[in-house]
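*Asks:* Right, I'll just put the structure down here and ask away after.
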Amino acid sequence: MKDLYTGRKNVLIALVIIATLGILVRLFFLQVVEDSYRLSAENNVLRYVTQYPARGLILDRNGKIVVSNMAAYDLMVIPSQVPKDIDTTAFCSLLGIDKQIYNERMIAARNYQPRAQSVFLKQISDETYARFQEKMFLYPGFFVQPRTLRSYTRPVGSHLLGYVSEVDDNIVKKDSYYKPGDYIGKLGIEEKYEEELRGRKGVKIFLVDVFSRIKGSYAEGAFDTLAIQGADITSSIDLDLQAYGELLMRNKRGSIVAIEPSTGEVLSLVSAPNYDPGLLVGRIRSENYSKLLADTVNPLFNRALMASYPPGSTFKPVNGLIGLAEDVIIPETEFSCNRGYHVKGLSVGCHEHSSPLNLIGAIETSCNSYFCNTFRRILENPKYKNPSEAYIRWRQYISEFGFGSKLGTDFVNELPGFIPEISYYNRYFGENRLRALNIISLAIGQGEIGITPLQLANYTSAIANRGYFYTPHIVKGFSNGKPIDEKYRVKHNINIPAEDFETIIQGLEGVVIRGTASSAAIKDIIVCGKTGTAQNPHGKEHSVFIAFAPKDNPKIAIAVLVENAGYGATYAAPIASLMMEKYIKGEITNKAQEKRMLELNLENKPAPVIENKILASSEKNN
């Protein structure tokens with residue numbers, strides 16, 4: 001009997017303990033966890049308003065603001081909260097839309113998710129926002145979402161900066177940070193440095209009544225999160241130089257790339273024709289993008305990074321350097337020129353000049369015969385088994401200058417150009433059957449090779465530095481203290497002695513003083529440069545010029561290419577000279593040359609209306 005009593009007692013105690021534990025668990029749930037569950041259960045009376053951070057500013061190298069932000073407002077809708085008897089006529093009149101648009105967007109919103117918020121009307125104006133705020137209580141289920149759009153201090157730099165557009169479904173699937181209706185950087189700095197610029201979104205949760213009016217913060221803001229502003233970026237470009245370059249390239253096609261040789265920082269990158277980056281902001285973005293895409297002058301195409309041209313005579317210095325490095329010539333080596341290079345029925349013409357010439361004289365006069373002879377010696381060098389093996393070594397030298405591959409810049413749409421592999425020629429001539437005369441056009445920058453203007457500017461930097469370069473890049477630093485990628489601080493050395501570069505530089509100095517590019521001379525500054533005329537199978541040749549200045553401790557290296565403009569000295573060299581003087585001196589002394597370049601219209605027709613507006617605006621800032 002006693003054992004029975006003891007057993008019942010133990011059972012009773014156990015039940016009390018279990019009940020007590022249950023009560024404690026329930027109390028914990030009610031007091032600690034309940035708010036989280038209620039937050040989920042009461043979505044029908046809660047509104048989650050995303051707090052979009054201000055996107056980071058983009059500054060130029062001197063601290064001038066290039067890209068900032070302006071306020072914008074999206075009209076949001078939660079379809080399940082919209083009454084069936086809403087006065088659509090008054091609603092549409094308030095927003096300036098017709099009923100068809102209203103019906104289409106409501107159907108799309110309901111199909112997306114009836115109880116979820118989505119964008120009903122993007123980027124309404126300040127005036128519309130103010131009117132709607134006053135009468136929003138009449139339209140339950142609708143509310144306004146503040147956000148920011150990009151604003152540009154000057155209508156320049158579109159190919160450098162990129163733009164911001166709405167994310168598509170693929171991006172939303174790939175990256176959980178983005179939701180439908182969010183914005184993301186596209187092309188240029190905006191895309192490359194999206195993570196730094198975008199910041200971090202926050203959220204505010206509000207209690208809302210049946211009329212969609214906010215009654216206050218939920219749980220006194222306990223579940224809110226703050227938005228964190230994006231980092232500001234200091235770019236490497238000089239805004240004044242960029243605007244001036246775009247002005248010089250008005251009514252022309254081509255590009256300008258200017259680099260600071262000592263750092264690899266891009267000072268200016270111009271692709272012409274271009275467009276006002278402000279055209280791709282706001283509700284008109286899609287319409288303007290379609291117009292730009294359809295424009296026959298192709299203003300969206302970034303010629304500086306993506307167009308590949310034969311470099312013409314600007315390529316001769318690199319063949320001279322390889323000839324010196326391979327010991328097939330010395331600076332004093334002379335070759336004759338009888339209006340060209342003529343051998344075994346092959347002729348490569350040349351203009352009239354004194355003959356014979358040494359290496360420096362050949363650079364000054366841009367002698368085709370000299371560099372054909374040099375190139376043939378490189379490929380017929382007896383230390384190699386055959387010209388194919390010598391070509392492989394030649395291509396290795398060329399690659400060290402950054403030709404034939406992407407440079408690894410922070411430009412997202414950079415292309416590699418083209419320097420043929422030996423396999424390319426094997427397909428045409430057979431294994432080990434390549435001969436120097438088969439590809440003699442490479443001696444003077446013609447034939448199968450293609451080089452981008454960015455690569456030309458980088459090559460010029462390597463010469464200016466006497467045998468090395470830093471990978472070109474567009475960003476100097478971030479406001480959050482994050483360092484730039486270490487790869488932009490790595491010196492890329494070229495396996496050619498510095499004294500050989502000094503010989504070439506003497507020739508490049510002579511080009512401007514007494515050679516083919518006197519139009520590039522700048523008062524009180526020693527300019528070193530090389531003209532080029534790039535063959536164009538589709539029409540008139542392209543005008544090309546590379547240069548750096550001053551000769552010692554150079555501050556700027558530049559490549560200019562003007563399409564269908566003929567000789568390099570005619571247009572490319574004067575434009576390069578004006579750009580260098582603008583950057584070094586801050587002013588232009590050769591006003592006559594500036595006037596001639598500004599008034600030059602190689603398009604032979606009025607610029608499109610969409611472009612005229614841009615250029616007129618640019619001119620006011622110079």
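Residues in the structure tokens are numbered from 1 in each chain, the chains being A, B, ... in the order shown, and ligands are numbered from 1 in the order shown.
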Considering only strand (DSSP E) as DSSP defines it on the backbone, what residues of region 175-406 of chain A qualify? List them as a ChimeraX atom specification.

*Replies:* /A:183-186,202-208,214-217,233-235,254-260,265-272,340-343,346-349

*Asks:* Run DSSP on the backbone of this structure and report the residues of region 357-516 of chain A it assigns to alpha helix (DSSP H), as a PyMOL selection string.

*Replies:* chain A and resi 359-365+368-379+387-400+422-429+453-464+498-513

*Asks:* Pick out the residues sitting within 12 Å of region 593-605 of chain A, and hand them over as JSON, numbers by chain; count only C-alpha atoms, and ignore anything fewer than 3 positions along from it in its own chain.

*Replies:* {"A": [244, 245, 246, 247, 248, 249, 250, 251, 252, 253, 254, 272, 273, 297, 519, 520, 521, 522, 540, 542, 543, 562, 563, 564, 565, 566, 570, 571, 572, 573, 574, 575, 576, 577, 578, 579, 581, 582, 587, 588, 589, 590, 608, 609, 612, 615, 619, 622]}

*Asks:* With distances taken over only C-alpha atoms, which of A:Thr409, A:Thr452, A:Asn368, A:Ser479 is nearest to Val257 (chain A)?

*Replies:*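 Smallest separation from Val257 (chain A) among the options: A:Thr452.
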
*Asks:* Could you list, as a ChimeraX atom specification, every residue within 8 Å of Gln455 (chain A), counting only C-alpha atoms and ignoring same-chain residues fewer than 5 positions away?

*Replies:* /A:402-403,407

*Asks:* As an exercise, work out the distance from CA of Pro114 (chain A) to CA of Tyr73 (chain A) in Å and give it to one decimal place.

*Replies:*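 So the two atoms, CA of Pro114 (chain A) and CA of Tyr73 (chain A), lie 21.7 Å apart.
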
*Asks:* For a quick check of understanding, using only C-alpha atoms, which of A:Phe301, A:Tyr52, A:Tyr289, A:Phe142 has the smallest distance to Tyr183 (chain A)?

*Replies:*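 Among A:Phe301, A:Tyr52, A:Tyr289, A:Phe142, it is A:Tyr52 that comes nearest to Tyr183 (chain A).
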
*Asks:* Skip Pro420 (chain A) itself and residues of its chain fewer than 6 positions away, then list as a ChimeraX atom specification all residues within 8 Å of it, counting only C-alpha atoms.

*Replies:* /A:404,448-449

*Asks:* Which neighbours of Gly185 (chain A) fall inside 7 Å, counting only C-alpha atoms, when residues of the same chain fewer than 3 positions from it are skipped, and could you give them as a VMD selection string?

*Replies:* chain A and resid 163 to 165 190 to 191 194

*Asks:* I need the residues from that last selection saved to file as a tab-separated table (two decimals), in the first residue's frame (with N, CA and C atoms), if you can.

*Replies:*
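Saved the output as selection-v1.tsv:
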```tsv
chain	number	residue	atom	x	y	z
A	163	TYR	N	26.10	53.69	-66.30
A	163	TYR	CA	24.80	54.22	-65.89
A	163	TYR	C	24.16	53.26	-64.90
A	164	VAL	N	23.00	53.63	-64.37
A	164	VAL	CA	22.29	52.81	-63.40
A	164	VAL	C	20.93	52.45	-64.00
A	165	SER	N	20.57	51.17	-63.94
A	165	SER	CA	19.28	50.75	-64.49
A	165	SER	C	18.65	49.70	-63.58
A	190	GLU	N	30.22	52.56	-62.62
A	190	GLU	CA	28.99	52.15	-61.93
A	190	GLU	C	28.89	50.63	-61.83
A	191	GLU	N	29.29	49.91	-62.83
A	191	GLU	CA	29.21	48.44	-62.78
A	191	GLU	C	30.41	47.83	-62.06
A	194	GLU	N	30.11	48.47	-58.27
A	194	GLU	CA	28.74	48.42	-57.79
A	194	GLU	C	28.67	48.14	-56.29
```

*Asks:* Which residue gives the smallest distance to Val270 (chain A) among A:Ala71, A:Leu207, A:Leu161, A:Ala534, with only C-alpha atoms counted?

*Replies:*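 With only C-alpha atoms as the atom set, the closest residue is A:Leu161.
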
*Asks:* Which of these residues is nearest to Val512 (chain A), using only C-alpha atoms: A:Gly529, A:Pro550, A:Gly320, A:Gly312?

*Replies:*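 Selected residue with least distance to Val512 (chain A): A:Gly529.
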
*Asks:* Kindly indicate which residue among A:Asp276, A:Asp232, A:Glu265, A:Glu220 lies nearest to Ser158 (chain A), using only C-alpha atoms for the distances.

*Replies:*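 Ranked by minimum distance to Ser158 (chain A), first place goes to A:Asp276.
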
*Asks:* Got a sec: who's within 8 Å of Pro497 (chain A), counting only C-alpha atoms, leaving out chain neighbours fewer than 2 positions off, as a ChimeraX atom specification?

*Replies:* /A:325,467,495,499-501

*Asks:* Grab the CA of Ser268 (chain A) to CA of Leu321 (chain A) distance for me, in Å with one decimal place.

*Replies:*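 Separating CA of Ser268 (chain A) from CA of Leu321 (chain A) is a distance of 27.5 Å.
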
*Asks:* Taking only C-alpha atoms into account, name the residue in A:Val49, A:Ile184, A:Ile65, A:Leu269 that is nearest to Val167 (chain A).

*Replies:*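 Closest to Val167 (chain A) of all the choices is A:Ile184.
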